[in-house]
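Chemist: Just so it is clear, I am handing over entry.txt, which has compact mmCIF, C-alpha atoms.
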# COMPACT_ATOMS: atom_id res chain seq x y z
CA MET T 1 -20.30 -29.56 26.81
CA GLN T 2 -16.78 -28.23 27.21
CA ASP T 3 -15.69 -26.88 30.56
CA GLU T 4 -14.85 -23.39 31.67
CA PRO T 5 -12.95 -21.11 31.23
CA THR T 6 -14.28 -20.23 27.78
CA PRO T 7 -12.00 -19.74 24.74
CA THR T 8 -12.58 -15.99 25.03
CA GLU T 9 -11.46 -15.96 28.65
CA LEU T 10 -8.37 -18.01 27.83
CA ILE T 11 -7.33 -15.86 24.88
CA LYS T 12 -7.88 -12.69 26.89
CA ALA T 13 -5.70 -14.04 29.69
CA VAL T 14 -2.91 -14.88 27.22
CA ALA T 15 -3.20 -11.51 25.49
CA ASP T 16 -3.06 -9.64 28.80
CA PHE T 17 -0.01 -11.63 29.90
CA LEU T 18 1.81 -10.83 26.64
CA ARG T 19 0.75 -7.19 26.76
CA ASN T 20 1.55 -6.51 30.41
CA ASP T 21 4.47 -8.79 31.23
CA ILE T 22 6.24 -9.75 28.01
CA ALA T 23 5.91 -6.71 25.74
CA PRO T 24 7.85 -4.34 28.04
CA ALA T 25 10.79 -6.78 28.04
CA ILE T 26 11.08 -7.10 24.24
CA SER T 27 12.53 -4.70 21.69
CA GLY T 28 13.25 -4.37 17.97
CA HIS T 29 11.48 -6.29 15.26
CA ASN T 30 10.25 -8.91 17.71
CA ALA T 31 8.47 -6.18 19.70
CA PHE T 32 6.65 -5.22 16.52
CA LYS T 33 5.74 -8.84 15.82
CA LEU T 34 4.56 -9.27 19.39
CA ARG T 35 2.31 -6.23 19.05
CA VAL T 36 0.83 -7.67 15.86
CA SER T 37 0.34 -11.00 17.64
CA ILE T 38 -1.50 -9.36 20.52
CA ASN T 39 -3.66 -7.52 18.00
CA ALA T 40 -4.47 -10.88 16.41
CA LEU T 41 -5.59 -12.32 19.75
CA ASP T 42 -7.74 -9.25 20.43
CA LEU T 43 -9.28 -9.66 16.99
CA VAL T 44 -10.14 -13.27 17.76
CA THR T 45 -11.91 -12.32 21.00
CA ARG T 46 -13.91 -9.66 19.15
CA GLN T 47 -14.88 -12.19 16.50
CA LEU T 48 -15.92 -14.75 19.11
CA ALA T 49 -18.13 -12.13 20.74
CA LEU T 50 -19.69 -10.61 17.62
CA GLU T 51 -19.65 -13.17 14.81
CA GLN T 52 -22.77 -15.13 15.68
CA GLY T 53 -25.01 -12.08 15.84
CA SER T 54 -23.60 -10.33 12.78
CA ASP T 55 -23.60 -13.52 10.66
CA ALA T 56 -27.25 -14.18 11.51
CA ALA T 57 -28.26 -10.62 10.65
CA GLU T 58 -26.25 -10.73 7.41
CA ALA T 59 -27.82 -14.05 6.36
CA ALA T 60 -31.31 -12.72 7.08
CA ARG T 61 -30.67 -9.63 4.93
CA LEU T 62 -29.23 -11.77 2.11
CA VAL T 63 -32.22 -14.12 2.08
CA GLN T 64 -34.48 -11.09 1.84
CA LEU T 65 -32.41 -9.44 -0.92
CA LEU T 66 -31.84 -12.54 -3.04
CA GLY T 67 -35.05 -14.42 -2.39
CA THR T 68 -33.10 -17.67 -1.97
CA GLN T 69 -31.84 -19.80 0.92
CA GLY T 70 -28.36 -21.10 1.49
CA SER T 71 -25.27 -20.96 3.68
CA LEU T 72 -23.71 -17.57 4.31
CA GLY T 73 -20.94 -18.42 1.83
CA GLU T 74 -23.42 -19.46 -0.86
CA LEU T 75 -25.54 -16.38 -0.31
CA ASN T 76 -22.50 -14.10 -0.57
CA ARG T 77 -21.38 -15.83 -3.75
CA ALA T 78 -24.85 -15.36 -5.20
CA LEU T 79 -24.82 -11.67 -4.30
CA ALA T 80 -21.33 -11.20 -5.74
CA GLU T 81 -22.50 -12.79 -8.98
CA ARG T 82 -25.59 -10.61 -9.26
CA ILE T 83 -23.49 -7.48 -8.79
CA ALA T 84 -20.93 -8.73 -11.33
CA THR T 85 -23.61 -9.33 -13.96
CA GLY T 86 -25.24 -5.96 -13.30
CA GLU T 87 -28.48 -7.52 -12.13
CA PHE T 88 -27.97 -5.74 -8.79
CA ASP T 89 -26.57 -2.24 -8.44
CA LEU T 90 -26.72 0.65 -6.00
CA GLN T 91 -30.27 1.41 -7.17
CA THR T 92 -31.40 -2.04 -6.00
CA PRO T 93 -33.53 -1.45 -2.87
CA GLY T 94 -31.67 -2.54 0.24
CA LEU T 95 -28.33 -3.31 -1.44
CA ALA T 96 -26.37 -0.26 -0.31
CA GLU T 97 -27.70 -0.59 3.22
CA HIS T 98 -26.84 -4.28 3.29
CA LEU T 99 -23.27 -3.65 2.11
CA TRP T 100 -22.85 -0.89 4.68
CA GLN T 101 -24.11 -3.03 7.56
CA THR T 102 -22.02 -6.02 6.51
CA THR T 103 -18.90 -3.90 6.15
CA MET T 104 -19.45 -2.16 9.49
CA ALA T 105 -19.79 -5.58 11.13
CA LYS T 106 -16.46 -6.65 9.60
CA LEU T 107 -14.67 -3.52 10.80
CA ALA T 108 -16.07 -3.99 14.30
CA VAL T 109 -14.02 -7.19 14.40
CA ASP T 110 -11.07 -6.40 12.12
CA GLN T 111 -10.15 -2.84 12.96
CA PRO T 112 -12.50 -0.91 15.30
CA ASN T 113 -9.92 1.89 15.52
CA TYR T 114 -9.88 2.49 11.76
CA ALA T 115 -10.64 6.19 11.28
CA SER T 116 -13.21 5.71 8.49
CA TYR T 117 -15.12 3.25 10.68
CA LYS T 118 -15.10 5.55 13.69
CA ARG T 119 -16.31 8.41 11.51
CA GLU T 120 -19.20 6.34 10.16
CA LEU T 121 -20.16 5.23 13.66
CA GLU T 122 -20.23 8.84 14.85
CA SER T 123 -22.22 10.14 11.90
CA LYS T 124 -24.74 7.36 12.39
CA SER T 125 -25.28 8.12 16.07
CA SER T 126 -25.46 11.90 15.64
CA MET A 1 28.81 -9.05 2.87
CA GLU A 2 31.10 -6.17 3.84
CA ALA A 3 34.01 -7.90 2.13
CA LEU A 4 32.01 -8.40 -1.07
CA LEU A 5 30.76 -4.81 -1.00
CA GLY A 6 34.27 -3.54 -0.23
CA ARG A 7 35.68 -5.30 -3.28
CA SER A 8 32.94 -3.88 -5.49
CA VAL A 9 33.28 -0.36 -4.09
CA ALA A 10 37.02 -0.33 -4.67
CA SER A 11 36.39 -0.82 -8.41
CA TRP A 12 34.15 2.22 -8.88
CA CYS A 13 34.71 4.64 -5.98
CA PRO A 14 38.26 6.06 -6.24
CA GLY A 15 39.89 6.39 -2.85
CA ALA A 16 37.45 4.10 -1.05
CA THR A 17 39.23 1.86 1.42
CA GLY A 18 36.40 -0.41 2.52
CA VAL A 19 32.84 -0.81 3.72
CA VAL A 20 31.41 -0.72 7.26
CA ASN A 21 28.01 -0.84 8.98
CA ALA A 22 26.38 -3.12 6.42
CA VAL A 23 22.84 -3.84 7.63
CA ARG A 24 20.06 -5.55 5.77
CA LEU A 25 17.02 -3.25 5.86
CA SER A 26 14.45 -5.42 4.17
CA GLY A 27 14.15 -8.53 2.16
CA GLY A 28 11.33 -9.81 0.02
CA ALA A 29 10.89 -12.86 -2.12
CA SER A 30 12.72 -11.28 -5.04
CA GLN A 31 14.98 -8.56 -3.69
CA GLU A 32 16.90 -7.14 -0.72
CA THR A 33 17.89 -3.70 0.49
CA TRP A 34 21.13 -3.09 2.38
CA SER A 35 22.49 0.04 4.01
CA PHE A 36 26.25 0.55 4.39
CA ASP A 37 28.97 3.19 4.66
CA ILE A 38 31.81 3.54 2.19
CA VAL A 39 34.99 4.39 4.07
CA HIS A 40 36.69 7.25 2.27
CA PRO A 41 39.53 9.63 3.26
CA ASP A 42 37.24 12.61 2.50
CA GLY A 43 34.58 11.26 4.87
CA ASN A 44 32.34 8.23 4.86
CA ILE A 45 29.66 7.99 2.16
CA GLY A 46 26.26 6.57 3.13
CA ALA A 47 25.02 4.11 0.54
CA ILE A 48 22.11 1.78 -0.18
CA LEU A 49 22.27 -1.45 -2.17
CA ARG A 50 19.15 -2.75 -3.86
CA ARG A 51 19.72 -6.15 -5.35
CA ALA A 52 18.36 -9.50 -6.36
CA PRO A 53 20.94 -12.05 -5.26
CA GLN A 54 21.70 -14.91 -7.62
CA GLY A 55 19.18 -17.70 -7.33
CA TYR A 56 16.46 -15.51 -5.87
CA GLY A 57 12.88 -15.90 -7.03
CA ALA A 58 11.83 -14.17 -10.22
CA ALA A 59 10.63 -10.61 -9.80
CA PRO A 60 6.84 -10.20 -9.94
CA ALA A 61 5.50 -9.73 -13.45
CA ARG A 62 4.57 -6.13 -12.68
CA ALA A 63 8.10 -5.18 -11.68
CA ALA A 64 10.08 -2.89 -13.96
CA GLY A 65 13.30 -4.72 -13.04
CA LEU A 66 16.28 -3.45 -11.10
CA HIS A 67 18.13 -2.25 -14.16
CA ALA A 68 15.17 -0.12 -15.24
CA GLU A 69 14.83 1.18 -11.68
CA ALA A 70 18.43 2.37 -11.71
CA VAL A 71 17.97 4.14 -15.05
CA LEU A 72 14.73 5.79 -13.89
CA MET A 73 16.29 6.99 -10.67
CA GLN A 74 19.24 8.44 -12.55
CA ARG A 75 16.98 10.20 -15.09
CA ALA A 76 14.85 11.58 -12.26
CA TYR A 77 17.96 12.81 -10.46
CA ASP A 78 19.30 14.46 -13.62
CA ALA A 79 15.94 16.20 -14.16
CA GLY A 80 15.92 17.67 -10.67
CA VAL A 81 13.34 15.30 -9.16
CA PRO A 82 14.38 14.68 -5.52
CA SER A 83 16.03 11.33 -5.92
CA PRO A 84 19.06 9.43 -4.62
CA LYS A 85 22.06 9.58 -6.92
CA VAL A 86 22.84 6.21 -8.49
CA LEU A 87 26.47 5.39 -7.67
CA HIS A 88 26.93 2.06 -9.42
CA VAL A 89 25.00 -0.54 -11.38
CA LEU A 90 26.09 -4.05 -10.36
CA GLN A 91 28.25 -5.93 -12.86
CA PRO A 92 28.83 -9.70 -13.00
CA GLN A 93 32.32 -9.27 -11.54
CA ASP A 94 30.80 -7.66 -8.41
CA ASP A 95 29.42 -11.10 -7.57
CA LEU A 96 26.47 -9.47 -5.78
CA GLY A 97 23.67 -10.48 -8.13
CA THR A 98 21.79 -7.84 -10.10
CA GLY A 99 20.90 -4.39 -8.82
CA PHE A 100 22.49 -1.07 -8.05
CA VAL A 101 24.03 1.11 -5.36
CA MET A 102 22.67 4.57 -4.61
CA ALA A 103 23.49 7.39 -2.22
CA ARG A 104 21.68 7.12 1.12
CA VAL A 105 19.35 10.07 1.69
CA GLU A 106 18.78 10.85 5.37
CA GLY A 107 15.21 11.39 6.48
CA GLU A 108 12.02 9.66 7.56
CA THR A 109 9.67 7.28 5.74
CA ILE A 110 7.52 6.13 8.69
CA PRO A 111 4.07 7.70 8.18
CA ARG A 112 3.12 8.06 11.84
CA LYS A 113 6.29 10.01 12.58
CA ILE A 114 5.89 12.21 9.52
CA LEU A 115 2.27 12.94 10.43
CA ARG A 116 2.71 13.48 14.16
CA ASP A 117 6.27 14.37 15.18
CA GLU A 118 7.10 17.99 15.95
CA GLU A 119 10.20 17.67 13.77
CA PHE A 120 8.00 17.62 10.65
CA ALA A 121 5.49 20.28 11.73
CA GLN A 122 6.99 22.85 9.35
CA ALA A 123 7.12 20.39 6.46
CA ARG A 124 3.57 19.02 6.68
CA PRO A 125 1.69 22.07 5.32
CA LEU A 126 4.09 22.24 2.35
CA LEU A 127 4.13 18.60 1.35
CA ALA A 128 0.97 18.23 -0.75
CA ARG A 129 1.95 21.09 -3.04
CA GLN A 130 5.51 19.83 -3.21
CA LEU A 131 4.33 16.34 -4.13
CA GLY A 132 2.27 17.86 -6.95
CA LYS A 133 5.33 19.62 -8.31
CA VAL A 134 7.47 16.49 -8.05
CA LEU A 135 4.84 14.37 -9.81
CA ALA A 136 4.75 16.92 -12.61
CA GLY A 137 8.53 16.52 -12.85
CA ILE A 138 8.24 12.74 -13.04
CA HIS A 139 5.48 12.88 -15.64
CA GLY A 140 7.54 15.33 -17.66
CA LEU A 141 10.59 13.08 -18.00
CA ASP A 142 11.58 12.70 -21.64
CA SER A 143 10.10 9.38 -22.74
CA SER A 144 12.84 8.81 -25.32
CA GLN A 145 15.35 8.59 -22.45
CA LEU A 146 13.42 5.99 -20.48
CA PRO A 147 13.99 2.24 -20.34
CA GLU A 148 11.48 -0.20 -21.77
CA LEU A 149 8.45 -0.20 -19.44
CA ARG A 150 5.04 -1.86 -19.24
CA ARG A 151 2.30 0.14 -20.94
CA MET A 152 -0.67 0.15 -18.60
CA THR A 153 -4.24 1.20 -19.25
CA ALA A 154 -7.23 1.43 -16.97
CA ALA A 155 -8.78 -1.56 -18.73
CA LYS A 156 -5.66 -3.69 -18.19
CA GLU A 157 -5.46 -2.67 -14.55
CA ILE A 158 -9.13 -3.55 -13.97
CA ALA A 159 -8.61 -6.91 -15.69
CA GLU A 160 -5.56 -7.71 -13.52
CA LEU A 161 -7.35 -6.79 -10.31
CA GLU A 162 -10.37 -8.84 -11.31
CA ARG A 163 -8.22 -11.84 -12.17
CA ASP A 164 -6.38 -11.66 -8.84
CA TYR A 165 -9.60 -11.17 -6.87
CA ARG A 166 -11.34 -14.10 -8.61
CA GLY A 167 -8.28 -16.24 -7.91
CA PHE A 168 -8.87 -15.88 -4.16
CA GLU A 169 -12.28 -17.59 -4.49
CA TRP A 170 -13.70 -15.58 -1.62
CA PRO A 171 -16.81 -13.53 -2.42
CA ARG A 172 -16.56 -9.80 -1.71
CA PRO A 173 -19.68 -7.99 -2.90
CA VAL A 174 -18.05 -4.59 -2.26
CA PHE A 175 -15.12 -5.46 -4.54
CA GLU A 176 -17.63 -6.59 -7.18
CA LEU A 177 -19.36 -3.24 -6.91
CA ALA A 178 -16.04 -1.42 -7.29
CA LEU A 179 -15.02 -3.52 -10.33
CA ARG A 180 -18.36 -2.76 -11.96
CA TRP A 181 -18.06 0.95 -11.14
CA LEU A 182 -14.57 1.07 -12.64
CA CYS A 183 -15.56 -0.79 -15.83
CA GLN A 184 -18.44 1.59 -16.40
CA ARG A 185 -16.33 4.70 -15.86
CA ASP A 186 -13.12 3.73 -17.66
CA PRO A 187 -12.07 7.14 -18.99
CA GLY A 188 -10.15 5.65 -21.92
CA PRO A 189 -6.66 6.69 -23.00
CA PRO A 190 -5.31 9.90 -21.47
CA GLN A 191 -4.48 12.97 -23.55
CA ALA A 192 -0.81 12.24 -23.06
CA VAL A 193 0.73 8.91 -22.04
CA THR A 194 3.59 9.57 -19.62
CA LEU A 195 5.90 7.82 -17.21
CA VAL A 196 3.92 6.77 -14.10
CA HIS A 197 5.83 6.11 -10.87
CA GLY A 198 3.24 3.52 -9.84
CA ASP A 199 3.83 3.53 -6.08
CA PHE A 200 4.04 7.19 -5.08
CA ARG A 201 2.96 7.15 -1.43
CA HIS A 202 4.14 7.05 2.19
CA GLY A 203 6.95 4.59 2.68
CA ASN A 204 8.47 5.42 -0.69
CA LEU A 205 9.00 9.11 0.07
CA ILE A 206 11.87 10.28 2.25
CA ILE A 207 10.74 13.32 4.19
CA GLY A 208 12.91 15.72 6.16
CA PRO A 209 12.01 18.72 8.31
CA ASP A 210 12.43 20.72 5.08
CA GLY A 211 10.01 18.59 3.05
CA LEU A 212 10.33 15.88 0.40
CA ARG A 213 13.93 14.78 -0.04
CA ALA A 214 13.73 11.72 -2.24
CA VAL A 215 11.35 9.53 -4.19
CA LEU A 216 12.19 5.84 -3.86
CA ASP A 217 11.09 2.50 -5.21
CA TRP A 218 10.47 2.67 -8.93
CA GLU A 219 9.70 -1.03 -9.01
CA LEU A 220 6.15 -0.50 -10.28
CA ALA A 221 6.99 2.23 -12.78
CA HIS A 222 5.23 1.98 -16.14
CA THR A 223 3.80 4.22 -18.80
CA GLY A 224 0.16 5.22 -18.76
CA ASP A 225 -2.26 7.81 -17.41
CA PRO A 226 -0.37 10.35 -15.25
CA MET A 227 -3.52 10.87 -13.15
CA GLU A 228 -2.92 7.38 -11.72
CA ASP A 229 -0.11 8.70 -9.49
CA LEU A 230 -2.31 11.55 -8.22
CA GLY A 231 -5.14 9.15 -7.41
CA TRP A 232 -2.89 6.59 -5.69
CA VAL A 233 -1.36 9.14 -3.32
CA CYS A 234 -4.93 10.11 -2.25
CA VAL A 235 -5.99 6.56 -1.31
CA ASN A 236 -7.31 6.58 2.25
CA SER A 237 -5.01 3.73 3.28
CA TRP A 238 -2.08 6.18 3.08
CA ARG A 239 -3.70 8.79 5.35
CA PHE A 240 -2.94 6.87 8.52
CA GLY A 241 -5.94 8.12 10.43
CA GLU A 242 -5.87 11.72 9.12
CA ILE A 243 -8.82 11.00 6.86
CA ASP A 244 -9.75 14.61 6.19
CA LYS A 245 -6.39 15.26 4.55
CA PRO A 246 -6.58 13.17 1.40
CA VAL A 247 -2.96 13.60 0.32
CA GLY A 248 -0.98 11.28 2.59
CA GLY A 249 -2.77 12.57 5.69
CA PHE A 250 -0.99 15.92 5.41
CA GLY A 251 -2.66 17.93 2.66
CA THR A 252 -5.58 18.65 0.38
CA ARG A 253 -6.24 17.65 -3.19
CA GLU A 254 -6.38 21.35 -4.08
CA GLU A 255 -2.80 21.84 -2.85
CA LEU A 256 -1.60 18.75 -4.72
CA PHE A 257 -3.34 19.90 -7.91
CA ALA A 258 -2.03 23.47 -7.53
CA GLY A 259 1.56 22.23 -7.22
CA TYR A 260 1.07 20.02 -10.27
CA GLU A 261 -0.47 22.76 -12.38
CA ALA A 262 2.06 25.40 -11.31
CA ALA A 263 4.66 23.12 -12.87
CA GLY A 264 2.81 23.33 -16.18
CA CYS A 265 0.80 20.08 -16.15
CA ARG A 266 -2.98 19.73 -16.31
CA VAL A 267 -5.06 17.90 -13.70
CA ASP A 268 -8.22 16.00 -14.58
CA PRO A 269 -10.01 15.65 -11.20
CA ASP A 270 -12.49 13.04 -12.52
CA ARG A 271 -9.63 10.83 -13.63
CA VAL A 272 -7.90 11.34 -10.28
CA LYS A 273 -11.05 10.15 -8.50
CA PHE A 274 -11.28 7.16 -10.86
CA TRP A 275 -7.70 6.17 -10.00
CA GLU A 276 -8.33 6.73 -6.29
CA VAL A 277 -11.13 4.15 -6.45
CA MET A 278 -8.87 1.85 -8.48
CA GLY A 279 -6.06 2.34 -5.95
CA THR A 280 -8.31 1.61 -3.00
CA LEU A 281 -9.45 -1.62 -4.64
CA ARG A 282 -5.87 -2.41 -5.59
CA TRP A 283 -4.67 -2.15 -2.00
CA GLY A 284 -7.63 -4.30 -0.92
CA VAL A 285 -6.69 -6.98 -3.45
CA MET A 286 -3.07 -6.76 -2.28
CA CYS A 287 -4.21 -7.35 1.32
CA CYS A 288 -6.03 -10.48 0.16
CA GLY A 289 -2.88 -11.54 -1.66
CA MET A 290 -0.88 -11.28 1.57
CA MET A 291 -3.40 -13.54 3.26
CA GLN A 292 -3.06 -15.97 0.35
CA ARG A 293 0.73 -16.08 0.71
CA PHE A 294 0.33 -16.62 4.43
CA ARG A 295 -1.99 -19.57 3.87
CA ILE A 296 0.15 -21.18 1.17
CA GLY A 297 2.87 -21.08 3.76
CA ALA A 298 5.65 -19.40 1.81
CA GLU A 299 5.69 -16.59 4.36
CA HIS A 300 3.78 -17.96 7.30
CA SER A 301 3.91 -14.86 9.47
CA VAL A 302 1.28 -13.39 11.72
CA GLU A 303 1.94 -9.99 10.11
CA ARG A 304 0.89 -11.28 6.70
CA ALA A 305 -2.14 -12.99 8.19
CA MET A 306 -3.22 -9.78 9.87
CA ILE A 307 -2.79 -7.75 6.68
CA GLY A 308 -5.41 -10.07 5.21
CA ARG A 309 -7.79 -8.71 7.81
CA ARG A 310 -7.17 -5.20 6.53
CA ALA A 311 -9.00 -5.80 3.25
CA SER A 312 -12.19 -4.75 5.05
CA GLU A 313 -10.64 -1.30 5.57
CA THR A 314 -10.62 -0.83 1.83
CA GLU A 315 -14.22 -2.05 1.64
CA ILE A 316 -15.43 0.71 3.96
CA ASP A 317 -13.33 3.23 2.01
CA LEU A 318 -14.81 2.00 -1.27
CA LEU A 319 -18.31 2.39 0.15
CA ARG A 320 -17.45 5.91 1.33
CA LEU A 321 -16.35 6.70 -2.23
CA LEU A 322 -19.10 4.91 -4.18
CA ALA A 323 -22.13 4.86 -1.88
CA PRO A 324 -21.67 7.61 0.73
CA ARG A 325 -24.37 7.62 3.35
CA GLY A 326 -26.54 10.73 3.73
CA LYS A 327 -24.72 13.30 5.79
Would you put the structure from the file into structure tokens?

Modeler:
Amino acid sequence: MQDEPTPTELIKAVADFLRNDIAPAISGHNAFKLRVSINALDLVTRQLALEQGSDAAEAARLVQLLGTQGSLGELNRALAERIATGEFDLQTPGLAEHLWQTTMAKLAVDQPNYASYKRELESKSS
Amino acid sequence: MEALLGRSVASWCPGATGVVNAVRLSGGASQETWSFDIVHPDGNIGAILRRAPQGYGAAPARAAGLHAEAVLMQRAYDAGVPSPKVLHVLQPQDDLGTGFVMARVEGETIPRKILRDEEFAQARPLLARQLGKVLAGIHGLDSSQLPELRRMTAAKEIAELERDYRGFEWPRPVFELALRWLCQRDPGPPQAVTLVHGDFRHGNLIIGPDGLRAVLDWELAHTGDPMEDLGWVCVNSWRFGEIDKPVGGFGTREELFAGYEAAGCRVDPDRVKFWEVMGTLRWGVMCCGMMQRFRIGAEHSVERAMIGRRASETEIDLLRLLAPRGK
């Protein structure tokens, strides 16, 4: 077992340092690159927090949809293939809902401020 | 660079005495953009150089080529499309590679400023209609006066996107769904094949407080279905958060279409929607391509890596277009 602090705590500490102490002292193109870098660290902490749960839920849905077992990568490849061949389409029970949930889980990590994502979250909770 | 530019300028701009303020604005794998001022007794002239220096990588296969870009920009300018005037096409004796020099048009290209700054508050409500009119102007350019361009069709575009996507070897069920949707709805050849700008969106449009001042970047120009340009400018990725204003985050489709039709061209809204889906997928595939280039290491930047993580934005937008959830 690895010791504390956790990777999430370490990355958060680095991101906060860059955000609060370094960013105000930097300008020009490097300021832009620093902002992107901080965004990358924030993304990693979101992924560390959310990935396990969303991957497990996605795999469970895929097993149900496809009727086969496999790694998440294999299951996604199998789904991609069935859509490509036309075997699965939006009429297939559960497919649209699966794609929505999987995509929402990606946005929660990649870009939780993306306007389309925020709109979908709102309309789901209202 | 200023010395080289100064020598070139002296050969085609009578009275010019030199060049100052040369700054490189951007550089890609195949071309560069420079801004500079031509010193002239009647007042300095702002200029932009777009060039591929000698020994640079080959332009991407889709690119029209710098020479064609210069011709297109000049034709557009002559036809009254807001466009920078082409001042000079580079010659071997310029020793600057291939490319051209154009007049610098003052204004803004940064979407967030255009969509939020007070300075553009008067322009925003006018832009969608204006863009429609300008697109009609572009699509109306006399094809016999145009350089040799790629002829694109929906089928070719789908095939290219599919090839690129498969090349990434990363399964994306939403992209598969979009490819399938596009194949099944390919509207076939348009009534009239016209010039298509190919990248008519924020970043390539110079906006002033008075509205659209110039259309830039003809690199992806080709001939094909004019509705492609109308669909591309409606892609959600160019709305920058203003998702209820489909045209660039500042206007409605109805305004865009009205401007286009007032200029004497017909809109086919189904085709526009088809090309909007295509455009959304296209930007998604481009995001994946950035990630690919990051991983190969040619441009190992965190910016490129993070653009790879924006492909999911196009997936949610594709789902909103193809499988909207009950409202």

Chemist: Write out as a ChimeraX atom specification the residues lying within 8 Å of Leu62 of chain T, counting only C-alpha atoms and excluding same-chain residues fewer than 3 positions away.

Modeler: /T:58-59,65-67,75-76,79,98

Chemist: Tell me as an MDAnalysis selection string which residues belonging to chain A come within 8 Å of chain T, counting all atoms listed in the file.

Modeler: chainID A and resid 170:174 176:177 179:180 241:243 302:303 306 309:310 312:313 315:317 319 323 327

Chemist: For the atom pair atom CA of Gly80 of chain A and atom CA of Arg129 of chain A, what is the interatomic distance in Å to one decimal place?

Modeler: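 A separation of 16.3 Å between them.
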
Chemist: What separation in Å, quoted to one decimal, exists between atom CA of Thr194 of chain A and atom CA of Val71 of chain A?

Modeler: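 Taking atom CA of Thr194 of chain A and atom CA of Val71 of chain A, their separation equals 16.0 Å.
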
Chemist: Compare A:Leu195, A:Met227, A:Leu205, A:Ala52 by their minimum atom-to-atom distance to Glu148 of chain A, counting only C-alpha atoms, and give me the closest one.

Modeler: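 Selected residue with least distance to Glu148 of chain A: A:Leu195.
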
Chemist: Need the shell around Arg51 of chain A: protein/DNA/RNA residues with any atom at most 10 Å away, counting all atoms listed in the file. Skip same-chain ones fewer than 5 positions apart. Format as a ChimeraX atom specification?

Modeler: /A:27,30-34,56,66-67,89-90,96-101

Chemist: List as a PyMOL selection string the protein and nucleic acid residues near Val19 of chain A, meaning an atom at most 6 Å away when only C-alpha atoms are counted, but skip any in the same chain fewer than 6 places from it.

Modeler: chain A and resi 2+6+37-39

Chemist: Provide the atom CA of Leu141 of chain A to atom CA of Phe250 of chain A distance in Å, to one decimal place.

Modeler: 26.3 Å

Chemist: As AutoDock Vina command-line options, please: the centre and edge lengths in Å, to one decimal, of an axis-aligned box enclosing every listed atom of segment 96-115 of chain T with 6 Å added on each side.

Modeler:
--center_x -18.8 --center_y -0.5 --center_z 7.6 --size_x 29.8 --size_y 25.4 --size_z 27.8

Chemist: Considering all atoms listed in the file, state which residue in the set A:Ala79, A:Val86, A:Ala123, A:Leu182 is at the smallest distance from Ala154 of chain A.

Modeler: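 Of A:Ala79, A:Val86, A:Ala123, A:Leu182, the one nearest Ala154 of chain A, counting all atoms listed in the file, is A:Leu182.
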
Chemist: Got a sec to check which residues sit within 8 Å of (-5.5, 13.7, -14.4), counting only C-alpha atoms, and write them as a list in words?

Modeler: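 Output: Asp225, Pro226, Met227, Glu228, Leu230, Arg266, Val267, Asp268, Pro269, Asp270, Arg271 and Val272 of chain A.
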